[in-house]
>>> print(open('start16.tsv').read())   # TSV, C-alpha atoms
chain	number	residue	atom	x	y	z
A	189	MET	CA	119.30	107.94	116.41
A	190	ARG	CA	121.47	104.98	117.35
A	191	ARG	CA	119.46	103.04	119.91
A	192	VAL	CA	115.72	102.36	120.20
A	193	VAL	CA	114.11	100.72	123.20
A	194	VAL	CA	110.64	99.20	122.85
A	195	VAL	CA	108.96	98.59	126.20
A	196	GLY	CA	106.23	95.95	125.94
A	197	GLY	CA	106.42	92.46	124.45
A	198	SER	CA	103.03	93.08	122.87
A	199	LEU	CA	101.57	92.90	119.38
A	200	ALA	CA	102.15	96.65	119.03
A	201	GLY	CA	105.72	96.35	120.32
A	202	VAL	CA	106.65	93.58	117.88
A	203	ASN	CA	105.13	95.44	114.93
A	204	ALA	CA	107.10	98.54	115.91
A	205	VAL	CA	110.31	96.52	115.94
A	206	GLU	CA	109.52	94.93	112.59
A	207	GLU	CA	108.72	98.29	110.98
A	208	LEU	CA	111.94	99.86	112.25
A	209	ARG	CA	113.99	97.22	110.47
A	210	HIS	CA	111.73	97.31	107.42
A	211	ARG	CA	112.34	101.06	107.13
A	212	GLY	CA	116.09	100.56	107.21
A	213	PHE	CA	116.95	101.44	110.81
A	214	GLN	CA	120.39	99.91	111.43
A	215	GLY	CA	120.91	100.89	115.05
A	216	GLU	CA	120.42	98.85	118.23
A	217	ILE	CA	116.92	97.71	119.13
A	218	THR	CA	116.03	96.31	122.53
A	219	LEU	CA	112.60	94.80	123.15
A	220	VAL	CA	111.67	94.65	126.84
A	221	SER	CA	108.95	92.25	128.02
A	222	GLY	CA	107.70	91.51	131.50
A	223	GLU	CA	106.61	88.01	130.45
A	224	ASP	CA	108.70	84.84	130.41
A	225	ASP	CA	107.76	83.89	126.84
A	226	LEU	CA	108.52	85.51	123.51
A	227	PRO	CA	105.66	87.77	122.37
A	228	TYR	CA	102.53	85.90	121.30
A	229	ASP	CA	99.03	86.48	119.97
A	230	LYS	CA	96.48	87.03	122.73
A	231	PRO	CA	92.95	87.02	121.20
A	232	PRO	CA	92.84	83.19	120.96
A	233	LEU	CA	93.44	82.90	124.73
A	234	SER	CA	89.72	83.25	125.50
A	235	LYS	CA	88.56	81.20	122.53
A	236	ALA	CA	90.23	78.34	120.61
A	237	ALA	CA	93.47	78.29	122.61
A	238	LEU	CA	91.55	78.18	125.89
A	239	LYS	CA	89.48	75.25	124.66
A	240	GLU	CA	92.35	73.22	123.23
A	241	GLY	CA	95.06	74.24	125.69
A	242	PRO	CA	97.37	77.20	124.89
A	243	GLN	CA	100.61	76.30	123.10
A	244	HIS	CA	103.20	79.06	122.84
A	245	GLN	CA	104.70	77.74	119.63
A	246	GLN	CA	101.30	78.06	117.93
A	247	LEU	CA	100.66	81.56	119.29
A	248	ALA	CA	104.13	83.11	118.96
A	249	LEU	CA	104.24	86.24	116.79
A	250	LYS	CA	107.82	85.51	115.74
A	251	ASP	CA	110.16	82.64	116.54
A	252	ALA	CA	113.48	83.13	118.33
A	253	ALA	CA	115.41	82.91	115.06
A	254	TRP	CA	113.55	85.94	113.64
A	255	TYR	CA	114.74	88.17	116.49
A	256	ASP	CA	118.30	86.92	116.04
A	257	GLU	CA	118.21	87.41	112.27
A	258	HIS	CA	117.00	91.00	112.67
A	259	GLY	CA	119.43	91.89	115.43
A	260	ILE	CA	116.80	92.41	118.13
A	261	ASP	CA	117.96	92.13	121.74
A	262	VAL	CA	114.97	90.64	123.61
A	263	LEU	CA	114.86	90.97	127.40
A	264	LEU	CA	112.26	88.60	128.84
A	265	ALA	CA	110.98	88.61	132.44
A	266	SER	CA	112.22	92.21	132.57
A	267	ARG	CA	109.60	94.63	133.84
A	268	ALA	CA	110.02	98.38	133.36
A	269	VAL	CA	109.44	100.28	136.61
A	270	GLY	CA	110.41	103.84	135.71
A	271	LEU	CA	111.26	106.30	132.97
A	272	ASP	CA	113.56	109.31	133.06
A	273	THR	CA	112.78	111.28	129.92
A	274	ARG	CA	115.47	113.88	130.62
A	275	ALA	CA	118.27	111.33	130.88
A	276	ARG	CA	116.48	109.14	128.28
A	277	ARG	CA	116.70	106.07	130.46
A	278	VAL	CA	114.33	103.19	131.27
A	279	ALA	CA	114.65	101.61	134.73
A	280	LEU	CA	114.03	97.87	135.06
A	281	GLU	CA	112.77	95.96	138.08
A	282	ASP	CA	116.06	94.09	138.48
A	283	GLY	CA	118.01	97.33	138.86
A	284	ARG	CA	119.32	97.62	135.33
A	285	ALA	CA	118.85	100.77	133.26
A	286	LEU	CA	118.55	101.08	129.49
A	287	ASP	CA	119.57	104.26	127.68
A	288	TYR	CA	117.73	105.18	124.51
A	289	ASP	CA	117.71	107.69	121.69
A	290	GLY	CA	114.14	106.74	120.77
A	291	LEU	CA	111.52	104.97	122.86
A	292	VAL	CA	108.32	103.10	121.98
A	293	ILE	CA	105.83	102.60	124.81
A	294	ALA	CA	103.73	99.48	124.15
A	295	THR	CA	102.90	98.01	127.56
A	296	GLY	CA	99.19	97.59	126.82
A	297	CYS	CA	96.68	97.02	129.60
A	298	SER	CA	96.21	94.83	132.65
A	299	SER	CA	93.06	93.21	134.02
A	300	ARG	CA	90.88	95.30	136.29
A	301	PRO	CA	90.88	93.71	139.75
A	302	LEU	CA	87.88	92.75	141.89
A	303	ASN	CA	88.91	95.02	144.73
A	304	GLY	CA	87.77	93.98	148.19
A	305	LEU	CA	85.34	91.27	147.06
A	306	ALA	CA	87.39	88.11	147.27
A	307	GLU	CA	90.47	88.23	149.48
A	308	GLN	CA	90.55	84.43	149.93
A	309	ALA	CA	88.86	83.00	146.82
A	310	ARG	CA	90.87	82.26	143.70
A	311	ILE	CA	89.73	84.44	140.83
A	312	HIS	CA	90.89	83.65	137.31
A	313	VAL	CA	91.47	86.26	134.62
A	314	VAL	CA	92.38	85.70	130.99
A	315	ARG	CA	95.03	88.23	130.09
A	316	ASP	CA	98.18	86.22	129.31
A	317	LEU	CA	99.42	82.74	128.45
A	318	ALA	CA	99.85	81.72	132.07
A	319	ASP	CA	96.28	82.81	132.86
A	320	ALA	CA	94.80	80.80	129.98
A	321	THR	CA	96.93	77.74	130.76
A	322	ALA	CA	95.83	77.75	134.39
A	323	LEU	CA	92.15	78.18	133.48
A	324	HIS	CA	92.25	75.50	130.78
A	325	GLY	CA	93.40	72.99	133.36
A	326	GLU	CA	90.32	73.75	135.46
A	327	LEU	CA	87.70	73.49	132.70
A	328	ARG	CA	86.20	70.06	133.28
A	329	ALA	CA	82.72	68.93	132.29
A	330	GLY	CA	80.17	69.07	135.06
A	331	ARG	CA	81.86	71.82	137.04
A	332	HIS	CA	80.14	75.15	137.62
A	333	LEU	CA	81.86	78.25	136.30
A	334	VAL	CA	80.76	81.73	137.32
A	335	VAL	CA	81.87	84.52	134.97
A	336	ILE	CA	81.75	88.02	136.41
A	337	GLY	CA	81.26	90.52	133.59
A	338	ALA	CA	79.43	90.02	130.29
A	339	GLY	CA	81.81	91.92	128.05
A	340	PHE	CA	83.34	90.25	125.01
A	341	ILE	CA	86.05	88.43	127.00
A	342	GLY	CA	83.54	87.21	129.57
A	343	LEU	CA	81.12	85.96	126.93
A	344	GLU	CA	83.90	84.25	124.98
A	345	VAL	CA	85.10	82.42	128.09
A	346	ALA	CA	81.52	81.48	128.95
A	347	ALA	CA	80.91	80.07	125.46
A	348	THR	CA	84.19	78.13	125.50
A	349	ALA	CA	83.47	76.62	128.90
A	350	ARG	CA	79.92	75.71	127.97
A	351	SER	CA	81.14	73.95	124.82
A	352	LEU	CA	83.38	71.84	127.07
A	353	GLY	CA	80.39	70.70	129.12
A	354	LEU	CA	80.55	73.01	132.13
A	355	ASP	CA	77.55	74.61	133.75
A	356	VAL	CA	78.05	78.35	133.30
A	357	SER	CA	76.54	81.38	135.02
A	358	VAL	CA	77.32	84.95	133.93
A	359	VAL	CA	76.84	87.94	136.24
A	360	GLU	CA	76.44	91.38	134.69
A	361	SER	CA	75.53	94.60	136.51
A	362	ALA	CA	73.96	96.14	133.39
A	363	PRO	CA	70.42	95.17	132.29
A	364	VAL	CA	71.80	93.16	129.34
A	365	PRO	CA	75.29	92.23	128.11
A	366	LEU	CA	77.28	94.85	126.21
A	367	THR	CA	74.59	97.51	126.58
A	368	ARG	CA	77.15	100.26	127.27
A	369	VAL	CA	78.77	99.56	123.92
A	370	LEU	CA	76.01	98.25	121.69
A	371	GLY	CA	72.71	99.33	123.26
A	372	ASN	CA	69.87	97.40	124.86
A	373	GLU	CA	68.38	95.76	121.77
A	374	THR	CA	71.64	94.25	120.55
A	375	GLY	CA	72.65	93.44	124.11
A	376	GLY	CA	69.36	91.58	124.44
A	377	TRP	CA	70.29	89.49	121.41
A	378	PHE	CA	73.52	88.38	123.14
A	379	ARG	CA	71.57	87.58	126.33
A	380	ASP	CA	69.08	85.41	124.46
A	381	PHE	CA	71.76	83.81	122.31
A	382	HIS	CA	73.81	82.65	125.29
A	383	ALA	CA	70.72	81.59	127.23
A	384	GLY	CA	69.75	79.49	124.22
A	385	HIS	CA	73.04	77.62	124.59
A	386	GLY	CA	72.35	76.77	128.23
A	387	ILE	CA	74.15	79.63	129.97
A	388	THR	CA	72.39	81.22	132.95
A	389	LEU	CA	72.64	85.01	132.97
A	390	HIS	CA	72.12	87.19	136.03
A	391	CYS	CA	71.78	90.70	134.62
A	392	GLY	CA	71.00	93.91	136.44
A	393	THR	CA	72.82	92.87	139.59
A	394	GLY	CA	76.39	92.92	140.84
A	395	VAL	CA	78.59	90.86	143.15
A	396	SER	CA	78.48	91.89	146.79
A	397	ARG	CA	81.04	89.41	148.12
A	398	ILE	CA	82.72	86.08	147.41
A	399	GLU	CA	83.34	83.51	150.12
A	400	ALA	CA	85.91	80.77	149.65
A	401	GLY	CA	85.33	77.28	151.05
A	402	ALA	CA	86.80	73.79	150.92
A	403	GLY	CA	84.21	72.66	148.37
A	404	GLY	CA	84.33	75.75	146.20
A	405	SER	CA	83.24	79.35	146.50
A	406	GLN	CA	79.96	81.12	147.10
A	407	VAL	CA	79.28	84.19	144.98
A	408	HIS	CA	76.79	86.49	146.71
A	409	LEU	CA	74.91	88.81	144.38
A	410	ALA	CA	73.38	92.15	145.29
A	411	ASP	CA	69.86	90.83	144.64
A	412	GLY	CA	70.31	88.10	147.27
A	413	THR	CA	71.13	85.24	144.89
A	414	VAL	CA	73.95	82.94	146.00
A	415	LEU	CA	75.85	80.99	143.34
A	416	LYS	CA	78.01	78.00	144.23
A	417	ALA	CA	81.09	78.03	142.02
A	418	ASP	CA	83.81	75.49	141.34
A	419	LEU	CA	85.76	78.25	139.62
A	420	ILE	CA	85.35	81.95	138.96
A	421	VAL	CA	86.54	84.13	136.09
A	422	ALA	CA	86.53	87.92	136.29
A	423	GLY	CA	86.15	89.82	133.04
A	424	ILE	CA	85.33	93.33	134.20
A	425	GLY	CA	87.60	95.22	131.86
A	426	VAL	CA	91.16	96.42	131.77
A	427	VAL	CA	93.23	99.43	132.80
A	428	PRO	CA	96.18	100.90	130.87
A	429	ALA	CA	99.53	99.63	132.18
A	430	THR	CA	101.01	103.08	132.83
A	431	GLY	CA	102.07	102.86	136.47
A	432	TRP	CA	105.75	102.77	135.50
A	433	LEU	CA	105.32	106.12	133.70
A	434	GLN	CA	104.17	108.11	136.73
A	435	GLY	CA	106.33	111.22	137.18
A	436	SER	CA	108.15	110.66	133.88
A	437	GLY	CA	106.86	113.73	132.08
A	438	VAL	CA	104.75	111.62	129.72
A	439	ASP	CA	101.19	112.96	129.87
A	440	LEU	CA	98.73	110.34	131.17
A	441	PHE	CA	94.94	110.32	131.09
A	442	ASP	CA	93.27	106.90	130.92
A	443	GLY	CA	96.30	105.83	128.94
A	444	VAL	CA	99.20	107.62	127.27
A	445	VAL	CA	98.19	110.91	125.66
A	446	CYS	CA	99.60	111.24	122.13
A	447	ASP	CA	99.30	113.70	119.30
A	448	PRO	CA	97.73	112.49	116.02
A	449	THR	CA	101.09	111.06	114.87
A	450	LEU	CA	101.42	108.98	118.11
A	451	ARG	CA	104.13	111.16	119.66
A	452	THR	CA	103.87	111.58	123.41
A	453	THR	CA	104.58	114.77	125.35
A	454	ALA	CA	108.19	113.62	125.92
A	455	PRO	CA	110.90	114.10	123.27
A	456	GLU	CA	111.64	111.09	121.05
A	457	VAL	CA	109.00	108.98	122.78
A	458	VAL	CA	106.08	107.45	120.88
A	459	ALA	CA	103.40	104.97	121.97
A	460	ALA	CA	101.32	102.24	120.36
A	461	GLY	CA	98.56	99.81	121.22
A	462	ASP	CA	95.81	99.51	123.82
A	463	LEU	CA	97.12	102.30	126.07
A	464	VAL	CA	97.27	105.06	123.45
A	465	ARG	CA	94.81	107.95	123.60
A	466	TRP	CA	94.94	110.03	120.42
A	467	HIS	CA	92.75	112.14	118.13
A	468	ASN	CA	91.44	110.11	115.19
A	469	SER	CA	90.61	112.50	112.38
A	470	LEU	CA	88.36	109.99	110.62
A	471	PHE	CA	85.87	110.32	113.47
A	472	ASP	CA	86.98	113.73	114.80
A	473	GLU	CA	87.22	112.05	118.19
A	474	THR	CA	89.86	111.43	120.83
A	475	MET	CA	89.83	107.72	121.57
A	476	ARG	CA	91.63	104.74	123.08
A	477	VAL	CA	91.13	101.46	121.22
A	478	GLU	CA	91.72	97.97	122.66
A	479	GLN	CA	91.76	95.98	119.43
A	480	TRP	CA	94.12	93.63	117.61
A	481	LEU	CA	94.28	95.41	114.25
A	482	ASN	CA	94.71	98.79	115.92
A	483	ALA	CA	97.76	97.45	117.79
A	484	VAL	CA	99.26	96.10	114.56
A	485	ASP	CA	98.80	99.35	112.66
A	486	GLN	CA	99.77	101.65	115.54
A	487	GLY	CA	102.97	99.71	116.20
A	488	ALA	CA	104.13	100.23	112.63
A	489	HIS	CA	102.93	103.86	112.56
A	490	ALA	CA	104.69	104.75	115.82
A	491	ALA	CA	107.94	103.36	114.41
A	492	ARG	CA	107.62	105.52	111.30
A	493	THR	CA	106.91	108.57	113.46
A	494	LEU	CA	110.01	107.86	115.52
A	495	LEU	CA	112.02	107.76	112.29
A	496	GLY	CA	110.81	111.23	111.31
A	497	GLU	CA	107.54	110.82	109.43
A	498	ALA	CA	104.68	113.12	110.44
A	499	GLU	CA	101.51	111.51	109.10
A	500	PRO	CA	98.52	111.39	111.47
A	501	PHE	CA	97.22	107.96	112.42
A	502	ALA	CA	93.69	107.75	110.99
A	503	HIS	CA	92.20	104.32	111.54
A	504	VAL	CA	88.82	102.57	111.36
A	505	PRO	CA	88.67	100.34	114.45
A	506	TYR	CA	87.85	96.69	113.84
A	507	PHE	CA	87.53	93.67	116.09
A	508	TRP	CA	86.05	90.19	116.09
A	509	SER	CA	84.65	87.72	118.58
A	510	ASP	CA	83.68	84.07	118.10
A	511	GLN	CA	80.97	82.78	120.45
A	512	PHE	CA	79.55	79.33	119.76
A	513	ASP	CA	78.56	79.45	116.06
A	514	ALA	CA	78.27	83.25	115.93
A	515	LYS	CA	80.92	85.19	114.01
A	516	VAL	CA	80.76	88.62	115.62
A	517	ARG	CA	82.53	91.46	113.82
A	518	PHE	CA	82.53	95.17	114.67
A	519	VAL	CA	83.87	98.03	112.57
A	520	GLY	CA	84.01	101.74	113.37
A	521	ARG	CA	82.68	103.36	116.56
A	522	ALA	CA	79.55	103.06	118.65
A	523	ASP	CA	80.54	105.93	120.97
A	524	ALA	CA	79.05	109.40	120.53
A	525	THR	CA	76.27	108.11	118.30
A	526	ASP	CA	72.62	109.12	118.38
A	527	GLN	CA	71.26	106.92	115.61
A	528	VAL	CA	70.95	103.14	116.06
A	529	GLU	CA	69.22	100.69	113.74
A	530	VAL	CA	69.05	96.90	114.13
A	531	ARG	CA	68.41	94.81	111.03
A	532	HIS	CA	68.12	91.04	110.46
A	533	PRO	CA	69.17	90.37	106.85
A	534	ARG	CA	68.86	86.59	107.44
A	535	ASP	CA	67.49	84.32	110.15
A	536	ASN	CA	70.85	83.85	111.89
A	537	ALA	CA	72.32	87.25	111.01
A	538	VAL	CA	72.18	90.59	112.82
A	539	VAL	CA	73.49	93.99	111.72
A	540	THR	CA	73.41	96.97	114.06
A	541	LEU	CA	74.28	100.36	112.57
A	542	PHE	CA	75.49	103.34	114.60
A	543	GLY	CA	75.38	106.87	113.22
A	544	HIS	CA	75.75	110.51	114.11
A	545	ALA	CA	74.62	113.61	112.22
A	546	ASP	CA	73.17	111.38	109.48
A	547	VAL	CA	76.55	109.73	108.81
A	548	VAL	CA	77.27	106.07	109.56
A	549	ARG	CA	80.02	105.64	112.20
A	550	GLY	CA	79.93	101.99	113.20
A	551	ALA	CA	78.47	98.57	112.45
A	552	LEU	CA	78.15	95.32	114.36
A	553	CYS	CA	77.78	92.37	112.01
A	554	ILE	CA	76.90	88.91	113.29
A	555	ASN	CA	77.14	86.18	110.64
A	556	ALA	CA	76.98	88.91	107.98
A	557	PRO	CA	80.36	88.98	106.15
A	558	ARG	CA	79.06	90.67	102.98
A	559	GLN	CA	77.53	93.56	104.88
A	560	LEU	CA	80.69	93.86	106.98
A	561	ALA	CA	82.94	94.44	103.96
A	562	LEU	CA	80.57	96.99	102.44
A	563	LEU	CA	79.98	98.85	105.69
A	564	LYS	CA	83.67	99.10	106.48
A	565	ARG	CA	84.18	101.01	103.23
A	566	ALA	CA	81.07	103.09	103.95
A	567	ILE	CA	82.36	104.15	107.37
A	568	GLN	CA	85.78	105.02	106.01
A	569	SER	CA	84.27	107.19	103.27
A	570	GLY	CA	81.70	108.95	105.47
A	571	THR	CA	78.62	107.46	103.82
A	572	SER	CA	75.22	108.91	104.70
A	573	TRP	CA	72.99	107.15	107.20
A	574	GLN	CA	70.30	106.31	104.64
A	575	ASP	CA	72.81	104.89	102.13
A	576	ALA	CA	74.26	102.71	104.89
A	577	LEU	CA	70.79	101.40	105.72
A	578	ASP	CA	70.32	100.55	102.04
A	579	ILE	CA	73.54	98.52	102.13
A	580	VAL	CA	72.13	96.30	104.87
A	581	GLY	CA	68.79	95.88	103.14
>>> encode(input="start16.tsv", output="structure tokens")
Amino acid sequence: MRRVVVVGGSLAGVNAVEELRHRGFQGEITLVSGEDDLPYDKPPLSKAALKEGPQHQQLALKDAAWYDEHGIDVLLASRAVGLDTRARRVALEDGRALDYDGLVIATGCSSRPLNGLAEQARIHVVRDLADATALHGELRAGRHLVVIGAGFIGLEVAATARSLGLDVSVVESAPVPLTRVLGNETGGWFRDFHAGHGITLHCGTGVSRIEAGAGGSQVHLADGTVLKADLIVAGIGVVPATGWLQGSGVDLFDGVVCDPTLRTTAPEVVAAGDLVRWHNSLFDETMRVEQWLNAVDQGAHAARTLLGEAEPFAHVPYFWSDQFDAKVRFVGRADATDQVEVRHPRDNAVVTLFGHADVVRGALCINAPRQLALLKRAIQSGTSWQDALDIVG
């Protein structure tokens, strides 16, 4: 293998590049990114960086000198639009084509659009540096922000805006925030927590339409409520960025389908990051994980697979979220669980355990760092449900 192309200037893409060089690959490496800036860290965009104003130099994963020192050819503002796996060639939007011997797909996800609801109104999302920069410039005390979607991104943006002095309303179609992931009781905790910080939540109703006007927008809810908004943020989830792979021979199903080693169905093509769907033997489950640590580890693992290793990728998912003074940490899986237990080890702490077949599979820990460390090991080792409950106390 003489030339590797990595498509996606993402966390997974950069870690794949770094691992290739770390493992001694001496051939050509080209990193293709659709963005104008060198790859950067994205989780802070809805939290600290949004509050303070995003600065690329503070968020950059590597500086320009690192890519030069490691012989990485970085193509910025270069979007991949097609893949020919027979010819082993990536087509770019500007008409260029890149030949490869090995390919890493790491294009991540894009924000889910609000189809048909707001043709005229400006709707912010927080997916990249440009998004966060634009939104930061609009966050001024006294304005009214409406956040559509009470997932983790939506709640983080809401908390950040509220801390800057904005009036904030959150609209969520489910009965409570995060109920699809964490259940009603824990979702109720997030509802009450944000309400306690002055955020108005409209749960159990959706958005029927949005009307733009000279003095702002009107957000019409399905229950008849009308919210006047100075600005609107949509946080209704993401979709895998796989459009450029249509017809390529790479199997797609809510992402890129991979075997346990992260190989795709095309020869010498691997994938890493938010768009990967693979079988995780630790949970005996096929999953797609949109988390920072998963992208780091998958990027490196996909590179090793491309170089000939054949180890399955077995990973305990982990993510974090900071909302006001709450340090929210989740480890493992909440999907396919039939046992849920909520505990309060301290006044400001919450631990929710998720289990299946009397084995602990996941844990949400809010302001509970000691329990988090212990439960992460318990999930990885397949600890019994009762022993996990004893850990929490």
>>> residues_around(input="start16.tsv", residues="A:Asp282", least_positions_apart="3", cutoff="10 Å", atoms="all atoms listed in the file", output="JSON, numbers by chain")
{"A": [265, 266, 267, 268, 269, 279, 285]}
>>> closest_residue(input="start16.tsv", among="A:Asp578, A:Asp261, A:Asp272, A:Asp418", to="A:Arg531", atoms="all atoms listed in the file")
A:Asp578
>>> atom_distance(input="start16.tsv", atom1="atom CA of A:Arg350", atom2="atom CA of A:Leu415")
16.8 Å
>>> closest_residue(input="start16.tsv", among="A:Thr430, A:Gln243, A:Thr388, A:Thr540", to="A:Lys230", atoms="all atoms listed in the file")
A:Gln243
>>> closest_residue(input="start16.tsv", among="A:Leu563, A:Leu247, A:Val292, A:Ala383", to="A:Asp316", atoms="all atoms listed in the file")
A:Leu247
>>> residues_around(input="start16.tsv", residues="A:Trp573", least_positions_apart="6", cutoff="7 Å", atoms="only C-alpha atoms", output="PDB file with C-alpha atoms, keeping the file's coordinate frame")
ATOM      1  CA  GLY A 543      75.380 106.870 113.220  1.00  0.00           C
ATOM      2  CA  ASP A 546      73.170 111.380 109.480  1.00  0.00           C
ATOM      3  CA  VAL A 547      76.550 109.730 108.810  1.00  0.00           C
ATOM      4  CA  VAL A 548      77.270 106.070 109.560  1.00  0.00           C
TER       5      VAL A 548
END
>>> closest_residue(input="start16.tsv", among="A:Val457, A:Ala320, A:Leu305, A:Ile293", to="A:Gln406", atoms="all atoms listed in the file")
A:Leu305
>>> closest_atom_pairs(input="start16.tsv", of="stretch 240-309 of chain A", to="stretch 190-205 of chain A", cutoff="12 Å", atoms="all atoms listed in the file", output="JSON lines")
{"residue": "A:Leu247", "atom": "CA", "partner": "A:Leu199", "partner_atom": "CA", "distance": 11.4}
{"residue": "A:Ala248", "atom": "CA", "partner": "A:Leu199", "partner_atom": "CA", "distance": 10.1}
{"residue": "A:Leu249", "atom": "CA", "partner": "A:Leu199", "partner_atom": "CA", "distance": 7.6}
{"residue": "A:Lys250", "atom": "CA", "partner": "A:Val202", "partner_atom": "CA", "distance": 8.4}
{"residue": "A:Asp251", "atom": "CA", "partner": "A:Val202", "partner_atom": "CA", "distance": 11.6}
{"residue": "A:Trp254", "atom": "CA", "partner": "A:Val202", "partner_atom": "CA", "distance": 11.1}
{"residue": "A:Tyr255", "atom": "CA", "partner": "A:Val205", "partner_atom": "CA", "distance": 9.5}
{"residue": "A:His258", "atom": "CA", "partner": "A:Val205", "partner_atom": "CA", "distance": 9.3}
{"residue": "A:Gly259", "atom": "CA", "partner": "A:Val205", "partner_atom": "CA", "distance": 10.2}
{"residue": "A:Ile260", "atom": "CA", "partner": "A:Val205", "partner_atom": "CA", "distance": 8.0}
{"residue": "A:Asp261", "atom": "CA", "partner": "A:Val193", "partner_atom": "CA", "distance": 9.5}
{"residue": "A:Val262", "atom": "CA", "partner": "A:Gly197", "partner_atom": "CA", "distance": 8.8}
{"residue": "A:Leu263", "atom": "CA", "partner": "A:Gly197", "partner_atom": "CA", "distance": 9.1}
{"residue": "A:Leu264", "atom": "CA", "partner": "A:Gly197", "partner_atom": "CA", "distance": 8.3}
{"residue": "A:Ala265", "atom": "CA", "partner": "A:Gly197", "partner_atom": "CA", "distance": 10.0}
{"residue": "A:Ser266", "atom": "CA", "partner": "A:Val195", "partner_atom": "CA", "distance": 9.6}
{"residue": "A:Arg267", "atom": "CA", "partner": "A:Val195", "partner_atom": "CA", "distance": 8.6}
{"residue": "A:Ala268", "atom": "CA", "partner": "A:Val195", "partner_atom": "CA", "distance": 7.2}
{"residue": "A:Val269", "atom": "CA", "partner": "A:Val195", "partner_atom": "CA", "distance": 10.6}
{"residue": "A:Gly270", "atom": "CA", "partner": "A:Val195", "partner_atom": "CA", "distance": 11.0}
{"residue": "A:Leu271", "atom": "CA", "partner": "A:Val195", "partner_atom": "CA", "distance": 10.5}
{"residue": "A:Arg276", "atom": "CA", "partner": "A:Val193", "partner_atom": "CA", "distance": 10.1}
{"residue": "A:Arg277", "atom": "CA", "partner": "A:Val193", "partner_atom": "CA", "distance": 9.4}
{"residue": "A:Val278", "atom": "CA", "partner": "A:Val193", "partner_atom": "CA", "distance": 8.4}
{"residue": "A:Ala279", "atom": "CA", "partner": "A:Val195", "partner_atom": "CA", "distance": 10.7}
{"residue": "A:Leu280", "atom": "CA", "partner": "A:Val195", "partner_atom": "CA", "distance": 10.2}
{"residue": "A:Ala285", "atom": "CA", "partner": "A:Val193", "partner_atom": "CA", "distance": 11.1}
{"residue": "A:Leu286", "atom": "CA", "partner": "A:Val193", "partner_atom": "CA", "distance": 7.7}
{"residue": "A:Asp287", "atom": "CA", "partner": "A:Arg191", "partner_atom": "CA", "distance": 7.9}
{"residue": "A:Tyr288", "atom": "CA", "partner": "A:Arg191", "partner_atom": "CA", "distance": 5.4}
{"residue": "A:Asp289", "atom": "CA", "partner": "A:Arg191", "partner_atom": "CA", "distance": 5.3}
{"residue": "A:Gly290", "atom": "CA", "partner": "A:Val192", "partner_atom": "CA", "distance": 4.7}
{"residue": "A:Leu291", "atom": "CA", "partner": "A:Val193", "partner_atom": "CA", "distance": 5.0}
{"residue": "A:Val292", "atom": "CA", "partner": "A:Val194", "partner_atom": "CA", "distance": 4.6}
{"residue": "A:Ile293", "atom": "CA", "partner": "A:Val195", "partner_atom": "CA", "distance": 5.3}
{"residue": "A:Ala294", "atom": "CA", "partner": "A:Gly196", "partner_atom": "CA", "distance": 4.7}
{"residue": "A:Thr295", "atom": "CA", "partner": "A:Gly196", "partner_atom": "CA", "distance": 4.2}
{"residue": "A:Gly296", "atom": "CA", "partner": "A:Ser198", "partner_atom": "CA", "distance": 7.1}
{"residue": "A:Cys297", "atom": "CA", "partner": "A:Ser198", "partner_atom": "CA", "distance": 10.1}
>>> atom_distance(input="start16.tsv", atom1="atom CA of A:Ser299", atom2="atom CA of A:Val427")
6.3 Å
>>> closest_residue(input="start16.tsv", among="A:Glu326, A:Asp439, A:Asp229, A:Asp411", to="A:Thr452", atoms="all atoms listed in the file")
A:Asp439
>>> atom_distance(input="start16.tsv", atom1="atom CA of A:Val539", atom2="atom CA of A:Gly342")
21.6 Å
>>> closest_residue(input="start16.tsv", among="A:Asn468, A:Thr393, A:Thr453, A:Thr474", to="A:Val358", atoms="only C-alpha atoms")
A:Thr393
>>> closest_atom_pairs(input="start16.tsv", of="stretch 375-475 of chain A", to="stretch 552-555 of chain A", cutoff="12 Å", atoms="all atoms listed in the file", output="CSV")
residue,atom,partner,partner_atom,distance
A:Gly375,CA,A:Leu552,CA,11.4
A:Trp377,CA,A:Ile554,CA,10.5
A:Phe378,CA,A:Ile554,CA,10.4
A:Phe381,CA,A:Ile554,CA,11.6
>>> write_last_selection(input="start16.tsv", atoms="C-alpha atoms", output="short mmCIF file (atom, residue, chain, number, x, y, z; two decimals), in the frame of the given file")
data_model
loop_
_atom_site.label_atom_id
_atom_site.label_comp_id
_atom_site.auth_asym_id
_atom_site.auth_seq_id
_atom_site.Cartn_x
_atom_site.Cartn_y
_atom_site.Cartn_z
CA GLY A 375 72.65 93.44 124.11
CA TRP A 377 70.29 89.49 121.41
CA PHE A 378 73.52 88.38 123.14
CA PHE A 381 71.76 83.81 122.31
#
>>> residues_around(input="start16.tsv", residues="A:Gly337", least_positions_apart="5", cutoff="9 Å", atoms="all atoms listed in the file", output="VMD selection string")
chain A and resid 342 to 343 358 to 361 365 421 to 425
>>> residues_around(input="start16.tsv", residues="A:Ile579", least_positions_apart="3", cutoff="10 Å", atoms="all atoms listed in the file", output="ChimeraX atom specification")
/A:558-560,562-563,566,574-576
>>> residues_around(input="start16.tsv", residues="A:Val314", least_positions_apart="3", cutoff="12 Å", atoms="only C-alpha atoms", output="ChimeraX atom specification")
/A:230-235,237-238,242,298-301,311,317-324,335,340-346,420-426
>>> decode(input="start16.tsv", residues="stretch 568-574 of chain A", atoms="C-alpha atoms", output="mmCIF file, in the first residue's frame")
data_model
loop_
_atom_site.group_PDB
_atom_site.id
_atom_site.type_symbol
_atom_site.label_atom_id
_atom_site.label_comp_id
_atom_site.auth_asym_id
_atom_site.auth_seq_id
_atom_site.Cartn_x
_atom_site.Cartn_y
_atom_site.Cartn_z
ATOM 1 C CA GLN A 568 -16.539 -3.541 30.885
ATOM 2 C CA SER A 569 -16.258 -6.677 33.035
ATOM 3 C CA GLY A 570 -19.940 -7.677 32.830
ATOM 4 C CA THR A 571 -20.738 -7.130 36.500
ATOM 5 C CA SER A 572 -24.068 -8.390 37.827
ATOM 6 C CA TRP A 573 -26.958 -5.993 38.302
ATOM 7 C CA GLN A 574 -27.010 -6.351 42.093
#
